[in-house]
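Asks: Quick one: this structure, given as structure tokens, is what I'll be asking you about.
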Amino acid sequence: MNLGRLSLSLAVLLGTASSAPFAADNGASTPNAKKALVSLASICDGCARVDDVKTVERKPKGSGLGIVGGAVVGGIVGHQIGGGTGKTVATGAGIVAGGIAGNEIEKNAKKYTVWVTHVTLKNGKKKTFEQRAVPPYRAGDVVQVQGNQLVLK
């Protein structure tokens with residue numbers, strides 16, 4: 001892992017990372033969009049009107065490495081506490097707490113942003129689409145539904 005990624009990971013873990021990369025105007029709309037709404041009756045079959053586009057942060061499932069690493073560190077720290085039976089209890093507690101913390105740290109380090117688009121189909125049904133790239137459309141735009149993707153009309 002290079003130094004830049006390490007410092008970003010540490011910033012994310014400590015909660016000091018800026019959300020600036022995602023704060024730029026990406027064309028995604030807000031509920032206050034000033035674009036006139038297109039009538040559903042006027043759009044083509046297989047098309048939809050974009051109601052809203054917003055970003056959502058996702059955390060993937062942990063791979064298990066965070067649990068193992070955290071458990072090892074927690075066990076070592078717990079073993080330094082107490083004596084006799086108390087040392088055994090502290091070691092066990094450290095393993096459990098370290099595993100839980102390690103799993104969360106791993107998930108936070110791997111989180112990513114997706115763009116969620118809410119649309120209304122011509123028949124009035126609502127549908128949601130999710131993608132990892134900034135979409136080229138915003139609220140009020142007419143898009144064509146092609147499988148699980150939206151294409152700007």
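Convention: chains lettered A, B, ... in structure tokens order; per-chain residue numbering from 1; ligands numbered from 1 as shown.
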Segment 24-130 of chain A: which residues are helix (DSSP H, G or I) by DSSP, as a PyMOL selection string?
Replies: chain A and resi 40-42+65-79+85-109
Asks: Would you mind reading off the distance between atom CA of Val151 of chain A and atom CA of Pro135 of chain A, one decimal, in Å?
Replies: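 Atom CA of Pro135 of chain A lies 9.2 Å from atom CA of Val151 of chain A.
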Asks: For atom CA of Tyr137 of chain A and atom CA of Arg49 of chain A, quote the distance in Å rounded to one decimal.
Replies: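 Those two atoms sit 10.2 Å apart.
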Asks: Go through segment 52-77 of chain A and flag each residue having an atom no more than 12 Å from segment 121-128 of chain A; for those, report the closest pair of atoms plus their distance in Å to one decimal, using only C-alpha atoms, ordered by chain and rising number, as CSV.
Replies:
```
residue,atom,partner,partner_atom,distance
A:Asp52,CA,A:Thr128,CA,9.6
A:Val53,CA,A:Thr128,CA,9.7
A:Lys54,CA,A:Thr128,CA,11.1
```
Asks: Please provide as a PyMOL selection string all residues within 10 Å of Asp141 of chain A, with the sequence filter that same-chain residues fewer than 2 positions apart are discarded (counting only C-alpha atoms).
Replies: chain A and resi 35-38+48-52+119+136-139+143+152-153
Asks: Can those selected residues be exported to a file as a compact mmCIF listing (two decimals), in the first residue's frame so that it contains all heavy atoms?
Replies:
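Just written: out-v4.txt:
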```
# COMPACT_ATOMS: atom_id res chain seq x y z
N LYS A 35 -35.93 22.41 -13.45
CA LYS A 35 -36.31 21.93 -14.76
C LYS A 35 -37.79 21.55 -14.77
O LYS A 35 -38.29 20.95 -13.83
CB LYS A 35 -35.45 20.69 -15.07
CG LYS A 35 -35.42 20.32 -16.51
CD LYS A 35 -34.34 19.29 -16.72
CE LYS A 35 -34.14 19.10 -18.19
NZ LYS A 35 -33.05 18.23 -18.48
N ALA A 36 -38.49 21.92 -15.82
CA ALA A 36 -39.92 21.60 -15.92
C ALA A 36 -40.09 20.10 -16.09
O ALA A 36 -39.35 19.46 -16.82
CB ALA A 36 -40.52 22.33 -17.11
N LEU A 37 -41.06 19.52 -15.41
CA LEU A 37 -41.31 18.10 -15.50
C LEU A 37 -41.96 17.74 -16.83
O LEU A 37 -42.91 18.39 -17.27
CB LEU A 37 -42.21 17.62 -14.36
CG LEU A 37 -41.56 17.54 -12.99
CD1 LEU A 37 -42.56 17.05 -11.96
CD2 LEU A 37 -40.35 16.63 -13.00
N VAL A 38 -41.43 16.70 -17.43
CA VAL A 38 -41.97 16.21 -18.70
C VAL A 38 -43.17 15.33 -18.39
O VAL A 38 -43.15 14.52 -17.47
CB VAL A 38 -40.89 15.39 -19.44
CG1 VAL A 38 -41.43 14.76 -20.69
CG2 VAL A 38 -39.69 16.26 -19.74
N ALA A 48 -38.42 6.68 -19.40
CA ALA A 48 -38.79 7.07 -18.05
C ALA A 48 -38.35 8.50 -17.81
O ALA A 48 -37.46 9.02 -18.49
CB ALA A 48 -38.14 6.14 -17.03
N ARG A 49 -38.95 9.13 -16.80
CA ARG A 49 -38.56 10.47 -16.38
C ARG A 49 -37.73 10.33 -15.10
O ARG A 49 -38.12 9.65 -14.17
CB ARG A 49 -39.79 11.32 -16.12
CG ARG A 49 -39.45 12.76 -15.69
CD ARG A 49 -40.69 13.56 -15.35
NE ARG A 49 -41.36 12.93 -14.20
CZ ARG A 49 -42.69 12.91 -14.07
NH1 ARG A 49 -43.47 13.41 -14.98
NH2 ARG A 49 -43.22 12.34 -13.00
N VAL A 50 -36.58 10.99 -15.06
CA VAL A 50 -35.73 10.96 -13.87
C VAL A 50 -36.36 11.85 -12.81
O VAL A 50 -36.62 13.02 -13.04
CB VAL A 50 -34.30 11.44 -14.21
CG1 VAL A 50 -33.44 11.49 -12.95
CG2 VAL A 50 -33.66 10.54 -15.26
N ASP A 51 -36.61 11.25 -11.64
CA ASP A 51 -37.19 12.00 -10.53
C ASP A 51 -36.11 12.57 -9.61
O ASP A 51 -36.23 13.67 -9.10
CB ASP A 51 -38.13 11.11 -9.71
CG ASP A 51 -39.33 10.65 -10.52
OD1 ASP A 51 -39.84 11.44 -11.34
OD2 ASP A 51 -39.75 9.49 -10.34
N ASP A 52 -35.04 11.79 -9.41
CA ASP A 52 -34.01 12.19 -8.45
C ASP A 52 -32.75 11.39 -8.70
O ASP A 52 -32.81 10.22 -9.08
CB ASP A 52 -34.52 11.96 -7.03
CG ASP A 52 -33.61 12.56 -5.96
OD1 ASP A 52 -32.95 13.58 -6.24
OD2 ASP A 52 -33.58 12.02 -4.84
N VAL A 119 -36.59 6.82 -11.00
CA VAL A 119 -37.31 7.22 -12.21
C VAL A 119 -38.77 6.81 -12.12
O VAL A 119 -39.14 5.94 -11.33
CB VAL A 119 -36.69 6.59 -13.49
CG1 VAL A 119 -35.24 7.01 -13.67
CG2 VAL A 119 -36.83 5.09 -13.50
N PRO A 136 -24.99 10.87 -16.57
CA PRO A 136 -25.04 12.07 -17.40
C PRO A 136 -26.40 12.76 -17.37
O PRO A 136 -26.62 13.70 -18.10
CB PRO A 136 -24.76 11.52 -18.81
CG PRO A 136 -25.33 10.14 -18.78
CD PRO A 136 -25.07 9.63 -17.37
N TYR A 137 -27.31 12.32 -16.54
CA TYR A 137 -28.66 12.88 -16.50
C TYR A 137 -28.96 13.40 -15.11
O TYR A 137 -28.23 13.12 -14.16
CB TYR A 137 -29.69 11.83 -16.91
CG TYR A 137 -29.39 10.46 -16.37
CD1 TYR A 137 -29.63 10.13 -15.05
CD2 TYR A 137 -28.81 9.48 -17.18
CE1 TYR A 137 -29.32 8.90 -14.54
CE2 TYR A 137 -28.50 8.23 -16.68
CZ TYR A 137 -28.75 7.95 -15.36
OH TYR A 137 -28.43 6.72 -14.87
N ARG A 138 -30.04 14.18 -15.03
CA ARG A 138 -30.46 14.74 -13.74
C ARG A 138 -31.98 14.78 -13.69
O ARG A 138 -32.65 14.44 -14.67
CB ARG A 138 -29.85 16.12 -13.52
CG ARG A 138 -30.24 17.09 -14.59
CD ARG A 138 -29.53 18.39 -14.39
NE ARG A 138 -30.02 19.32 -15.39
CZ ARG A 138 -29.49 20.47 -15.64
NH1 ARG A 138 -28.46 20.85 -14.94
NH2 ARG A 138 -30.00 21.24 -16.55
N ALA A 139 -32.53 15.23 -12.59
CA ALA A 139 -33.98 15.25 -12.42
C ALA A 139 -34.65 16.01 -13.56
O ALA A 139 -34.18 17.07 -13.97
CB ALA A 139 -34.35 15.88 -11.08
N VAL A 143 -35.05 9.46 -20.00
CA VAL A 143 -34.05 8.43 -20.26
C VAL A 143 -34.74 7.20 -20.83
O VAL A 143 -35.94 6.99 -20.63
CB VAL A 143 -33.28 8.04 -18.98
CG1 VAL A 143 -32.40 9.18 -18.50
CG2 VAL A 143 -34.23 7.61 -17.88
N LEU A 152 -29.44 8.33 -21.60
CA LEU A 152 -30.01 9.66 -21.81
C LEU A 152 -30.63 9.75 -23.20
O LEU A 152 -30.03 9.33 -24.19
CB LEU A 152 -28.94 10.72 -21.65
CG LEU A 152 -29.39 12.17 -21.61
CD1 LEU A 152 -30.38 12.39 -20.47
CD2 LEU A 152 -28.20 13.08 -21.44
N LYS A 153 -31.85 10.21 -23.27
CA LYS A 153 -32.60 10.29 -24.54
C LYS A 153 -32.29 11.60 -25.22
O LYS A 153 -32.10 12.60 -24.66
CB LYS A 153 -34.11 10.17 -24.21
CG LYS A 153 -34.95 9.93 -25.38
CD LYS A 153 -34.94 8.47 -25.73
CE LYS A 153 -35.98 8.29 -26.83
NZ LYS A 153 -35.59 7.63 -27.95
```
Asks: Measuring atom to atom with only C-alpha atoms, identify which of A:Thr120, A:Thr113, A:Asn108, A:Thr88 is nearest to Ile76 of chain A.
Replies: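 Closest to Ile76 of chain A of all the choices is A:Thr88.
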